[in-house]
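See below for the structure under consideration.
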Amino acid sequence: MKNVTSIDTTPRSVRSPRLRLRGVSAEAAAPALVRALGEGDAPLGPVLDEVGRIAGMPVVVFWKPDGRRLQLAHRHGDEVLVAAPDNGLHQLGGTDQDEVSTQGIPLLVPASAAAHPHVMTIQGSWFAAVGTGDGLLALGPFGDRELGRRDRRELVALAALADGPVRQALRIGALTEQVQALRREADLHRRSLGSATDDVTSLGLLLEMAVSTSGSVGGFVAARAGDRLEAIAVRDVPDGFAALDLTPGHGVLSAVAGAPGVLFVDGYQALLDLGIGGLVAVGGPQDTEHPEVVIGLFSDADGMLEPDCAPLLSTLVDVAVIVMESAAVARGTAARHLAALEALCRGLDARTHATKHHHARVAHVAASIAAGLDLAPERVALVTQAARIHDVGLIAATGDGTIAAEFAHPAVGADMAALVPGAAELAPILRAHHEWWDGFGFPNGLLGEAIPTEARVLAAAEFYVETLQSDPSLEVSALATEIQSRSGGQLDPACATQLIDLIQES
Amino acid sequence: MQISLSTATDPMVTAVVGRLDLRTAPELRTQVAAALIAGPGSMIIDLTDVEFIDSSGLGVLIGLHKQAAAQGGRLTIVAPTGSARQIFALTRTESFFNIVPSQHAALGG
């Protein structure tokens, strides 16, 4: 781009074509302008391109007001005629001028620009300019400093035609900026939580923004879980919403066979019964037969959704897909790191015959105790994962048999886990798995329920495995007696009872 | 929403004014579906003055499109002039429907 800093106020003769606004047809031009609106996150450029094509002008410049200043929004055209923000723009003729500026450089436009087409120069070439509802539109270059009466009339028609799409394009651009800001905020939030896998929180933030900017009263984000779509984030949904099946073809939403990405409401009576008056649902990624994520916004019986909430949703769905993909990648990375810790533990187990498969055995028993205690599935998974790496801190032992290594390994293991993506939430469990219910454990002497439940389960499982490792011939009754004797002392009574039930059942 | 249904022509013409959403879409479906059964089977739905279409409005249009096709007829949609037009682009149904810019164009003018 040619960067011109001086202002040439002397119009020169140019060999450019005359203005060709004749025959501007709103009916013929509107579809192309609307199509241009669908081109990407910043559709102002394509819209102005289309305005230039309609008018037969190679260069289109648009300024939008920003207080008393005009900000250059977009320039379309060749590289010779440049209207960069640091270039001047002068209006020819007329006396009713207000002085405004672009980035500190004086810019003169007529006070009545919004009403009257006029002629101006940009770097010495003639441009036809007219105000729209949202700014100032200039087209050129053309070969005459005069606008004919018909040119003026059609310039006004063009401005009227361009006004809506330009306004929409500005709004979409502004919303895209908001979304990007939100993504940055969500990213920071995610990092502050120490986990890149928290896509539910990020999607909740996206939904928050969508609801607050669309005139809707509530909404949902649904994500694929197997062959179903399940709501993973909701905001202000009416009672009974949870009972709706959001999977296309199974409830309120449907897809069109052979038309990837198209979602529409099929079972509207179910929504009306919940007091929902309008729903816009958009799925993503684009062009997929079965959406991975759907964002829906609804109004109540009296409210109305903003007409342009659909493009907002389309943008947010794209962001949601990226968030979910990023989270999936992060989870994959975390799984590989955990696998590395498990490999270390297998190495530790292989050092003696007695400890062979120790971690796997403890994990198996811990899972059974946790399930028997009716812990939620995600907590059972957490206990099991912690058990698979619970003694990783023994890697710090020097092999000299000092008791210090044994006492240090819970803290060492916890510190290792805390540094590993995806294992941070295991750290407190590893740290406390040698604490005793009566407070006589180590390293911190925690008492009773101050010890994380998962750590108490792990302690009971390890006690069982180690007891059998030291005496494989122990009878079930003797084993049960041994466990019972530790209940309320070394072991959480609930875990001890569960463990006894398990061995007696087996 | 206002619906003006003219069954005297072939194709028939339905003009819609206002918002096409959960509250209004069922009425459009009821009227047009009945007209498609009783009439010649082809219909122009003029959405020129529709200001908003939600996913249920889209669903009704898809249903009517299928009904007309099943009866050997054709559904033609006159595009909204405002932002409601975006729903077709965003849901990628522009090629699914037969969308024209005006009633004049729909009638082959």
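A note on labels: chains of the structure tokens are A, B, ... as shown, every chain counts residues from 1, and ligands are counted from 1 in their shown order.
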**Request:** Enumerate as a VMD selection string the residues belonging to chain B that approach chain A to within 8 Å, with only C-alpha atoms taken into account.
**Result:** chain B and resid 21 to 23 51 to 60 81 to 87 89 to 93 96 101 to 102
Any chance you could export the current selection's N, CA and C atoms as a PDB file, in the first residue's frame?
ATOM      1  N   ASP B  21     -41.982 -16.941  13.995  1.00  0.00           N
ATOM      2  CA  ASP B  21     -41.302 -17.646  15.071  1.00  0.00           C
ATOM      3  C   ASP B  21     -42.230 -18.684  15.686  1.00  0.00           C
ATOM      4  N   LEU B  22     -41.859 -19.181  16.854  1.00  0.00           N
ATOM      5  CA  LEU B  22     -42.628 -20.263  17.473  1.00  0.00           C
ATOM      6  C   LEU B  22     -44.105 -19.921  17.642  1.00  0.00           C
ATOM      7  N   ARG B  23     -44.378 -18.639  17.916  1.00  0.00           N
ATOM      8  CA  ARG B  23     -45.755 -18.268  18.175  1.00  0.00           C
ATOM      9  C   ARG B  23     -46.574 -18.162  16.904  1.00  0.00           C
ATOM     10  N   GLU B  51     -39.710  -9.697   9.169  1.00  0.00           N
ATOM     11  CA  GLU B  51     -38.551  -9.055   9.808  1.00  0.00           C
ATOM     12  C   GLU B  51     -37.676 -10.028  10.592  1.00  0.00           C
ATOM     13  N   PHE B  52     -38.205 -11.230  10.870  1.00  0.00           N
ATOM     14  CA  PHE B  52     -37.426 -12.180  11.676  1.00  0.00           C
ATOM     15  C   PHE B  52     -37.937 -13.592  11.436  1.00  0.00           C
ATOM     16  N   ILE B  53     -37.011 -14.515  11.254  1.00  0.00           N
ATOM     17  CA  ILE B  53     -37.378 -15.930  11.110  1.00  0.00           C
ATOM     18  C   ILE B  53     -36.525 -16.719  12.099  1.00  0.00           C
ATOM     19  N   ASP B  54     -37.167 -17.500  12.954  1.00  0.00           N
ATOM     20  CA  ASP B  54     -36.360 -18.330  13.853  1.00  0.00           C
ATOM     21  C   ASP B  54     -36.327 -19.769  13.346  1.00  0.00           C
ATOM     22  N   SER B  55     -35.769 -20.667  14.149  1.00  0.00           N
ATOM     23  CA  SER B  55     -35.571 -22.038  13.680  1.00  0.00           C
ATOM     24  C   SER B  55     -36.888 -22.772  13.486  1.00  0.00           C
ATOM     25  N   SER B  56     -37.947 -22.341  14.198  1.00  0.00           N
ATOM     26  CA  SER B  56     -39.231 -22.997  13.988  1.00  0.00           C
ATOM     27  C   SER B  56     -39.874 -22.490  12.693  1.00  0.00           C
ATOM     28  N   GLY B  57     -39.674 -21.201  12.370  1.00  0.00           N
ATOM     29  CA  GLY B  57     -40.146 -20.689  11.085  1.00  0.00           C
ATOM     30  C   GLY B  57     -39.467 -21.420   9.943  1.00  0.00           C
ATOM     31  N   LEU B  58     -38.167 -21.636  10.118  1.00  0.00           N
ATOM     32  CA  LEU B  58     -37.417 -22.387   9.108  1.00  0.00           C
ATOM     33  C   LEU B  58     -37.982 -23.800   8.989  1.00  0.00           C
ATOM     34  N   GLY B  59     -38.323 -24.405  10.130  1.00  0.00           N
ATOM     35  CA  GLY B  59     -38.868 -25.755  10.124  1.00  0.00           C
ATOM     36  C   GLY B  59     -40.183 -25.835   9.370  1.00  0.00           C
ATOM     37  N   VAL B  60     -41.038 -24.839   9.561  1.00  0.00           N
ATOM     38  CA  VAL B  60     -42.326 -24.828   8.849  1.00  0.00           C
ATOM     39  C   VAL B  60     -42.098 -24.691   7.347  1.00  0.00           C
ATOM     40  N   THR B  81     -36.519  -8.769   2.647  1.00  0.00           N
ATOM     41  CA  THR B  81     -35.580  -7.716   2.237  1.00  0.00           C
ATOM     42  C   THR B  81     -34.629  -7.343   3.367  1.00  0.00           C
ATOM     43  N   GLY B  82     -35.004  -7.651   4.593  1.00  0.00           N
ATOM     44  CA  GLY B  82     -34.174  -7.239   5.730  1.00  0.00           C
ATOM     45  C   GLY B  82     -33.271  -8.356   6.220  1.00  0.00           C
ATOM     46  N   SER B  83     -32.890  -8.217   7.501  1.00  0.00           N
ATOM     47  CA  SER B  83     -31.906  -9.146   8.053  1.00  0.00           C
ATOM     48  C   SER B  83     -32.463 -10.557   8.214  1.00  0.00           C
ATOM     49  N   ALA B  84     -33.796 -10.713   8.139  1.00  0.00           N
ATOM     50  CA  ALA B  84     -34.367 -12.061   8.247  1.00  0.00           C
ATOM     51  C   ALA B  84     -33.837 -12.968   7.149  1.00  0.00           C
ATOM     52  N   ARG B  85     -33.373 -12.341   6.069  1.00  0.00           N
ATOM     53  CA  ARG B  85     -32.817 -13.107   4.942  1.00  0.00           C
ATOM     54  C   ARG B  85     -31.621 -13.962   5.376  1.00  0.00           C
ATOM     55  N   GLN B  86     -30.934 -13.504   6.439  1.00  0.00           N
ATOM     56  CA  GLN B  86     -29.693 -14.172   6.851  1.00  0.00           C
ATOM     57  C   GLN B  86     -29.894 -15.613   7.281  1.00  0.00           C
ATOM     58  N   ILE B  87     -31.083 -15.933   7.779  1.00  0.00           N
ATOM     59  CA  ILE B  87     -31.286 -17.289   8.310  1.00  0.00           C
ATOM     60  C   ILE B  87     -31.050 -18.337   7.222  1.00  0.00           C
ATOM     61  N   ALA B  89     -28.922 -18.071   4.648  1.00  0.00           N
ATOM     62  CA  ALA B  89     -27.479 -18.198   4.409  1.00  0.00           C
ATOM     63  C   ALA B  89     -26.809 -18.921   5.573  1.00  0.00           C
ATOM     64  N   LEU B  90     -27.192 -18.542   6.794  1.00  0.00           N
ATOM     65  CA  LEU B  90     -26.531 -19.108   7.966  1.00  0.00           C
ATOM     66  C   LEU B  90     -26.841 -20.582   8.141  1.00  0.00           C
ATOM     67  N   THR B  91     -28.029 -20.990   7.745  1.00  0.00           N
ATOM     68  CA  THR B  91     -28.369 -22.406   7.883  1.00  0.00           C
ATOM     69  C   THR B  91     -28.096 -23.158   6.585  1.00  0.00           C
ATOM     70  N   ARG B  92     -27.533 -22.448   5.625  1.00  0.00           N
ATOM     71  CA  ARG B  92     -27.135 -23.054   4.345  1.00  0.00           C
ATOM     72  C   ARG B  92     -28.311 -23.727   3.642  1.00  0.00           C
ATOM     73  N   THR B  93     -29.468 -23.083   3.746  1.00  0.00           N
ATOM     74  CA  THR B  93     -30.650 -23.622   3.074  1.00  0.00           C
ATOM     75  C   THR B  93     -30.974 -22.858   1.790  1.00  0.00           C
ATOM     76  N   PHE B  96     -31.353 -25.277  -0.831  1.00  0.00           N
ATOM     77  CA  PHE B  96     -32.448 -26.217  -0.554  1.00  0.00           C
ATOM     78  C   PHE B  96     -33.768 -25.639  -1.051  1.00  0.00           C
ATOM     79  N   PRO B 101     -35.989 -13.062  -5.662  1.00  0.00           N
ATOM     80  CA  PRO B 101     -35.962 -11.736  -5.037  1.00  0.00           C
ATOM     81  C   PRO B 101     -37.320 -11.038  -4.992  1.00  0.00           C
ATOM     82  N   SER B 102     -38.288 -11.443  -5.827  1.00  0.00           N
ATOM     83  CA  SER B 102     -39.558 -10.710  -5.851  1.00  0.00           C
ATOM     84  C   SER B 102     -40.679 -11.631  -6.320  1.00  0.00           C
TER      85      SER B 102
END
**Message:** Could you list, as a VMD selection string, every residue within 9 Å of segment 471-488 of chain A, counting only C-alpha atoms and ignoring same-chain residues fewer than 6 positions away?
**Reply:** chain A and resid 436 to 438 448 460 463 to 464 494 to 497 499 to 501 503 to 504
Which residues are close to segment 416-418 of chain A, i.e. within 8 Å by only C-alpha atoms, leaving aside same-chain residues fewer than 6 positions away? Reply as an mmCIF file with C-alpha atoms, in the first residue's frame.
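The resulting file, selection.cif, is shown below:
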data_model
loop_
_atom_site.group_PDB
_atom_site.id
_atom_site.type_symbol
_atom_site.label_atom_id
_atom_site.label_comp_id
_atom_site.auth_asym_id
_atom_site.auth_seq_id
_atom_site.Cartn_x
_atom_site.Cartn_y
_atom_site.Cartn_z
ATOM 1 C CA GLY A 393 7.010 -40.178 44.700
ATOM 2 C CA ALA A 424 -3.044 -31.538 39.150
ATOM 3 C CA GLU A 425 -6.327 -32.595 40.746
ATOM 4 C CA LEU A 426 -4.712 -35.876 41.775
ATOM 5 C CA ALA A 427 -2.059 -34.108 43.836
#
**Fill in**
From atom CA of Ala387 of chain A to atom CA of Asp349 of chain A the spacing works out at 13.0 Å
**Asked** Excluding same-chain residues fewer than 3 positions from segment 220-230 of chain A, what lies within 12 Å of it counting only C-alpha atoms, as a ChimeraX atom specification?
**Response** /A:199-211,216-217,233-238,241-254,279-285,290-298,313,316-317,320-321,323-325
**Contact residues around Ile3 of chain B with only C-alpha atoms at 9 Å, ignoring same-chain residues under 6 positions, as a ChimeraX atom specification** = /B:14-17,27-28,31
Can I get the selected residues back with C-alpha atoms, as a compact mmCIF listing (two decimals), in the first residue's frame?
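Saved as out33.txt:
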# COMPACT_ATOMS: atom_id res chain seq x y z
CA THR B 14 -49.19 -16.33 0.54
CA ALA B 15 -47.84 -13.00 1.78
CA VAL B 16 -46.49 -12.86 5.31
CA VAL B 17 -45.86 -9.71 7.35
CA GLU B 27 -50.50 -20.71 11.92
CA LEU B 28 -48.59 -20.34 8.66
CA GLN B 31 -53.06 -22.32 6.45
DSSP on the backbone: what in segment 169-295 of chain A comes out alpha helix (DSSP H), as a PDB file with N, CA and C atoms, in the first residue's frame?
ATOM      1  N   ALA A 169     -22.897  -5.302   8.735  1.00  0.00           N
ATOM      2  CA  ALA A 169     -21.489  -5.698   8.684  1.00  0.00           C
ATOM      3  C   ALA A 169     -20.721  -5.095   9.859  1.00  0.00           C
ATOM      4  N   LEU A 170     -21.012  -3.839  10.170  1.00  0.00           N
ATOM      5  CA  LEU A 170     -20.351  -3.196  11.315  1.00  0.00           C
ATOM      6  C   LEU A 170     -20.710  -3.928  12.600  1.00  0.00           C
ATOM      7  N   ARG A 171     -21.977  -4.315  12.700  1.00  0.00           N
ATOM      8  CA  ARG A 171     -22.418  -4.993  13.924  1.00  0.00           C
ATOM      9  C   ARG A 171     -21.747  -6.362  14.049  1.00  0.00           C
ATOM     10  N   ILE A 172     -21.702  -7.093  12.917  1.00  0.00           N
ATOM     11  CA  ILE A 172     -21.054  -8.410  12.958  1.00  0.00           C
ATOM     12  C   ILE A 172     -19.576  -8.258  13.318  1.00  0.00           C
ATOM     13  N   GLY A 173     -18.937  -7.233  12.718  1.00  0.00           N
ATOM     14  CA  GLY A 173     -17.530  -6.982  13.037  1.00  0.00           C
ATOM     15  C   GLY A 173     -17.344  -6.679  14.514  1.00  0.00           C
ATOM     16  N   ALA A 174     -18.257  -5.842  15.052  1.00  0.00           N
ATOM     17  CA  ALA A 174     -18.154  -5.493  16.467  1.00  0.00           C
ATOM     18  C   ALA A 174     -18.381  -6.720  17.339  1.00  0.00           C
ATOM     19  N   LEU A 175     -19.354  -7.549  16.945  1.00  0.00           N
ATOM     20  CA  LEU A 175     -19.625  -8.759  17.726  1.00  0.00           C
ATOM     21  C   LEU A 175     -18.444  -9.729  17.665  1.00  0.00           C
ATOM     22  N   THR A 176     -17.835  -9.795  16.483  1.00  0.00           N
ATOM     23  CA  THR A 176     -16.666 -10.667  16.351  1.00  0.00           C
ATOM     24  C   THR A 176     -15.566 -10.217  17.299  1.00  0.00           C
ATOM     25  N   GLU A 177     -15.399  -8.891  17.386  1.00  0.00           N
ATOM     26  CA  GLU A 177     -14.395  -8.368  18.317  1.00  0.00           C
ATOM     27  C   GLU A 177     -14.749  -8.753  19.750  1.00  0.00           C
ATOM     28  N   GLN A 178     -16.055  -8.660  20.066  1.00  0.00           N
ATOM     29  CA  GLN A 178     -16.486  -9.038  21.413  1.00  0.00           C
ATOM     30  C   GLN A 178     -16.192 -10.511  21.682  1.00  0.00           C
ATOM     31  N   VAL A 179     -16.479 -11.323  20.666  1.00  0.00           N
ATOM     32  CA  VAL A 179     -16.247 -12.766  20.833  1.00  0.00           C
ATOM     33  C   VAL A 179     -14.762 -13.034  21.040  1.00  0.00           C
ATOM     34  N   GLN A 180     -13.940 -12.332  20.257  1.00  0.00           N
ATOM     35  CA  GLN A 180     -12.504 -12.545  20.398  1.00  0.00           C
ATOM     36  C   GLN A 180     -12.030 -12.111  21.784  1.00  0.00           C
ATOM     37  N   ALA A 181     -12.599 -10.998  22.263  1.00  0.00           N
ATOM     38  CA  ALA A 181     -12.243 -10.542  23.605  1.00  0.00           C
ATOM     39  C   ALA A 181     -12.676 -11.571  24.641  1.00  0.00           C
ATOM     40  N   LEU A 182     -13.864 -12.125  24.410  1.00  0.00           N
ATOM     41  CA  LEU A 182     -14.369 -13.131  25.337  1.00  0.00           C
ATOM     42  C   LEU A 182     -13.500 -14.382  25.321  1.00  0.00           C
ATOM     43  N   ARG A 183     -13.067 -14.735  24.121  1.00  0.00           N
ATOM     44  CA  ARG A 183     -12.187 -15.916  24.020  1.00  0.00           C
ATOM     45  C   ARG A 183     -10.899 -15.687  24.798  1.00  0.00           C
ATOM     46  N   ARG A 184     -10.369 -14.441  24.666  1.00  0.00           N
ATOM     47  CA  ARG A 184      -9.140 -14.148  25.418  1.00  0.00           C
ATOM     48  C   ARG A 184      -9.416 -14.249  26.913  1.00  0.00           C
ATOM     49  N   GLU A 185     -10.596 -13.704  27.301  1.00  0.00           N
ATOM     50  CA  GLU A 185     -10.949 -13.738  28.718  1.00  0.00           C
ATOM     51  C   GLU A 185     -11.134 -15.187  29.175  1.00  0.00           C
ATOM     52  N   ALA A 186     -11.830 -15.975  28.331  1.00  0.00           N
ATOM     53  CA  ALA A 186     -12.059 -17.373  28.689  1.00  0.00           C
ATOM     54  C   ALA A 186     -10.738 -18.125  28.793  1.00  0.00           C
ATOM     55  N   ASP A 187      -9.826 -17.770  27.895  1.00  0.00           N
ATOM     56  CA  ASP A 187      -8.536 -18.442  27.908  1.00  0.00           C
ATOM     57  C   ASP A 187      -7.790 -18.134  29.199  1.00  0.00           C
ATOM     58  N   LEU A 188      -7.839 -16.844  29.591  1.00  0.00           N
ATOM     59  CA  LEU A 188      -7.192 -16.454  30.840  1.00  0.00           C
ATOM     60  C   LEU A 188      -7.837 -17.174  32.020  1.00  0.00           C
ATOM     61  N   HIS A 189      -9.177 -17.218  31.955  1.00  0.00           N
ATOM     62  CA  HIS A 189      -9.904 -17.867  33.037  1.00  0.00           C
ATOM     63  C   HIS A 189      -9.493 -19.336  33.151  1.00  0.00           C
ATOM     64  N   ARG A 190      -9.395 -19.967  31.974  1.00  0.00           N
ATOM     65  CA  ARG A 190      -9.033 -21.374  31.941  1.00  0.00           C
ATOM     66  C   ARG A 190      -7.638 -21.583  32.514  1.00  0.00           C
ATOM     67  N   ARG A 191      -6.745 -20.687  32.103  1.00  0.00           N
ATOM     68  CA  ARG A 191      -5.369 -20.816  32.611  1.00  0.00           C
ATOM     69  C   ARG A 191      -5.320 -20.594  34.102  1.00  0.00           C
ATOM     70  N   SER A 192      -6.155 -19.634  34.573  1.00  0.00           N
ATOM     71  CA  SER A 192      -6.127 -19.354  36.007  1.00  0.00           C
ATOM     72  C   SER A 192      -6.627 -20.555  36.792  1.00  0.00           C
ATOM     73  N   ASP A 199     -13.597 -26.942  29.044  1.00  0.00           N
ATOM     74  CA  ASP A 199     -14.383 -26.378  27.960  1.00  0.00           C
ATOM     75  C   ASP A 199     -15.788 -26.013  28.426  1.00  0.00           C
ATOM     76  N   VAL A 200     -16.293 -26.661  29.454  1.00  0.00           N
ATOM     77  CA  VAL A 200     -17.641 -26.347  29.924  1.00  0.00           C
ATOM     78  C   VAL A 200     -17.708 -24.912  30.439  1.00  0.00           C
ATOM     79  N   THR A 201     -16.678 -24.497  31.180  1.00  0.00           N
ATOM     80  CA  THR A 201     -16.644 -23.118  31.664  1.00  0.00           C
ATOM     81  C   THR A 201     -16.586 -22.138  30.502  1.00  0.00           C
ATOM     82  N   SER A 202     -15.762 -22.427  29.515  1.00  0.00           N
ATOM     83  CA  SER A 202     -15.640 -21.536  28.356  1.00  0.00           C
ATOM     84  C   SER A 202     -16.950 -21.454  27.594  1.00  0.00           C
ATOM     85  N   LEU A 203     -17.591 -22.585  27.405  1.00  0.00           N
ATOM     86  CA  LEU A 203     -18.854 -22.579  26.673  1.00  0.00           C
ATOM     87  C   LEU A 203     -19.929 -21.836  27.469  1.00  0.00           C
ATOM     88  N   GLY A 204     -19.867 -21.951  28.787  1.00  0.00           N
ATOM     89  CA  GLY A 204     -20.796 -21.196  29.623  1.00  0.00           C
ATOM     90  C   GLY A 204     -20.607 -19.696  29.449  1.00  0.00           C
ATOM     91  N   LEU A 205     -19.362 -19.260  29.331  1.00  0.00           N
ATOM     92  CA  LEU A 205     -19.081 -17.834  29.109  1.00  0.00           C
ATOM     93  C   LEU A 205     -19.603 -17.394  27.746  1.00  0.00           C
ATOM     94  N   LEU A 206     -19.420 -18.220  26.745  1.00  0.00           N
ATOM     95  CA  LEU A 206     -19.948 -17.897  25.417  1.00  0.00           C
ATOM     96  C   LEU A 206     -21.465 -17.742  25.467  1.00  0.00           C
ATOM     97  N   LEU A 207     -22.096 -18.670  26.150  1.00  0.00           N
ATOM     98  CA  LEU A 207     -23.556 -18.619  26.259  1.00  0.00           C
ATOM     99  C   LEU A 207     -23.992 -17.354  26.996  1.00  0.00           C
ATOM    100  N   GLU A 208     -23.261 -17.028  28.031  1.00  0.00           N
ATOM    101  CA  GLU A 208     -23.548 -15.817  28.810  1.00  0.00           C
ATOM    102  C   GLU A 208     -23.572 -14.596  27.891  1.00  0.00           C
ATOM    103  N   MET A 209     -22.568 -14.492  27.043  1.00  0.00           N
ATOM    104  CA  MET A 209     -22.488 -13.345  26.146  1.00  0.00           C
ATOM    105  C   MET A 209     -23.604 -13.382  25.111  1.00  0.00           C
ATOM    106  N   ALA A 210     -23.880 -14.571  24.593  1.00  0.00           N
ATOM    107  CA  ALA A 210     -24.926 -14.693  23.565  1.00  0.00           C
ATOM    108  C   ALA A 210     -26.274 -14.261  24.126  1.00  0.00           C
ATOM    109  N   VAL A 211     -26.583 -14.707  25.329  1.00  0.00           N
ATOM    110  CA  VAL A 211     -27.879 -14.377  25.925  1.00  0.00           C
ATOM    111  C   VAL A 211     -27.972 -12.881  26.207  1.00  0.00           C
ATOM    112  N   SER A 212     -26.883 -12.317  26.701  1.00  0.00           N
ATOM    113  CA  SER A 212     -26.941 -10.915  27.119  1.00  0.00           C
ATOM    114  C   SER A 212     -26.960  -9.949  25.943  1.00  0.00           C
ATOM    115  N   THR A 213     -26.586 -10.398  24.750  1.00  0.00           N
ATOM    116  CA  THR A 213     -26.521  -9.464  23.621  1.00  0.00           C
ATOM    117  C   THR A 213     -27.572  -9.728  22.554  1.00  0.00           C
ATOM    118  N   SER A 214     -28.442 -10.692  22.776  1.00  0.00           N
ATOM    119  CA  SER A 214     -29.354 -11.076  21.699  1.00  0.00           C
ATOM    120  C   SER A 214     -30.808 -10.780  21.987  1.00  0.00           C
ATOM    121  N   TYR A 268     -42.400 -27.857  17.881  1.00  0.00           N
ATOM    122  CA  TYR A 268     -42.536 -26.554  18.541  1.00  0.00           C
ATOM    123  C   TYR A 268     -43.559 -26.561  19.660  1.00  0.00           C
ATOM    124  N   GLN A 269     -44.499 -27.514  19.661  1.00  0.00           N
ATOM    125  CA  GLN A 269     -45.485 -27.527  20.736  1.00  0.00           C
ATOM    126  C   GLN A 269     -44.804 -27.767  22.084  1.00  0.00           C
ATOM    127  N   ALA A 270     -43.775 -28.628  22.072  1.00  0.00           N
ATOM    128  CA  ALA A 270     -43.063 -28.909  23.326  1.00  0.00           C
ATOM    129  C   ALA A 270     -42.415 -27.638  23.874  1.00  0.00           C
ATOM    130  N   LEU A 271     -41.930 -26.775  22.963  1.00  0.00           N
ATOM    131  CA  LEU A 271     -41.313 -25.521  23.395  1.00  0.00           C
ATOM    132  C   LEU A 271     -42.378 -24.529  23.854  1.00  0.00           C
ATOM    133  N   LEU A 272     -43.477 -24.451  23.103  1.00  0.00           N
ATOM    134  CA  LEU A 272     -44.555 -23.541  23.497  1.00  0.00           C
ATOM    135  C   LEU A 272     -45.097 -23.920  24.871  1.00  0.00           C
ATOM    136  N   ASP A 273     -45.138 -25.225  25.142  1.00  0.00           N
ATOM    137  CA  ASP A 273     -45.633 -25.686  26.444  1.00  0.00           C
ATOM    138  C   ASP A 273     -44.741 -25.212  27.586  1.00  0.00           C
TER     139      ASP A 273
END
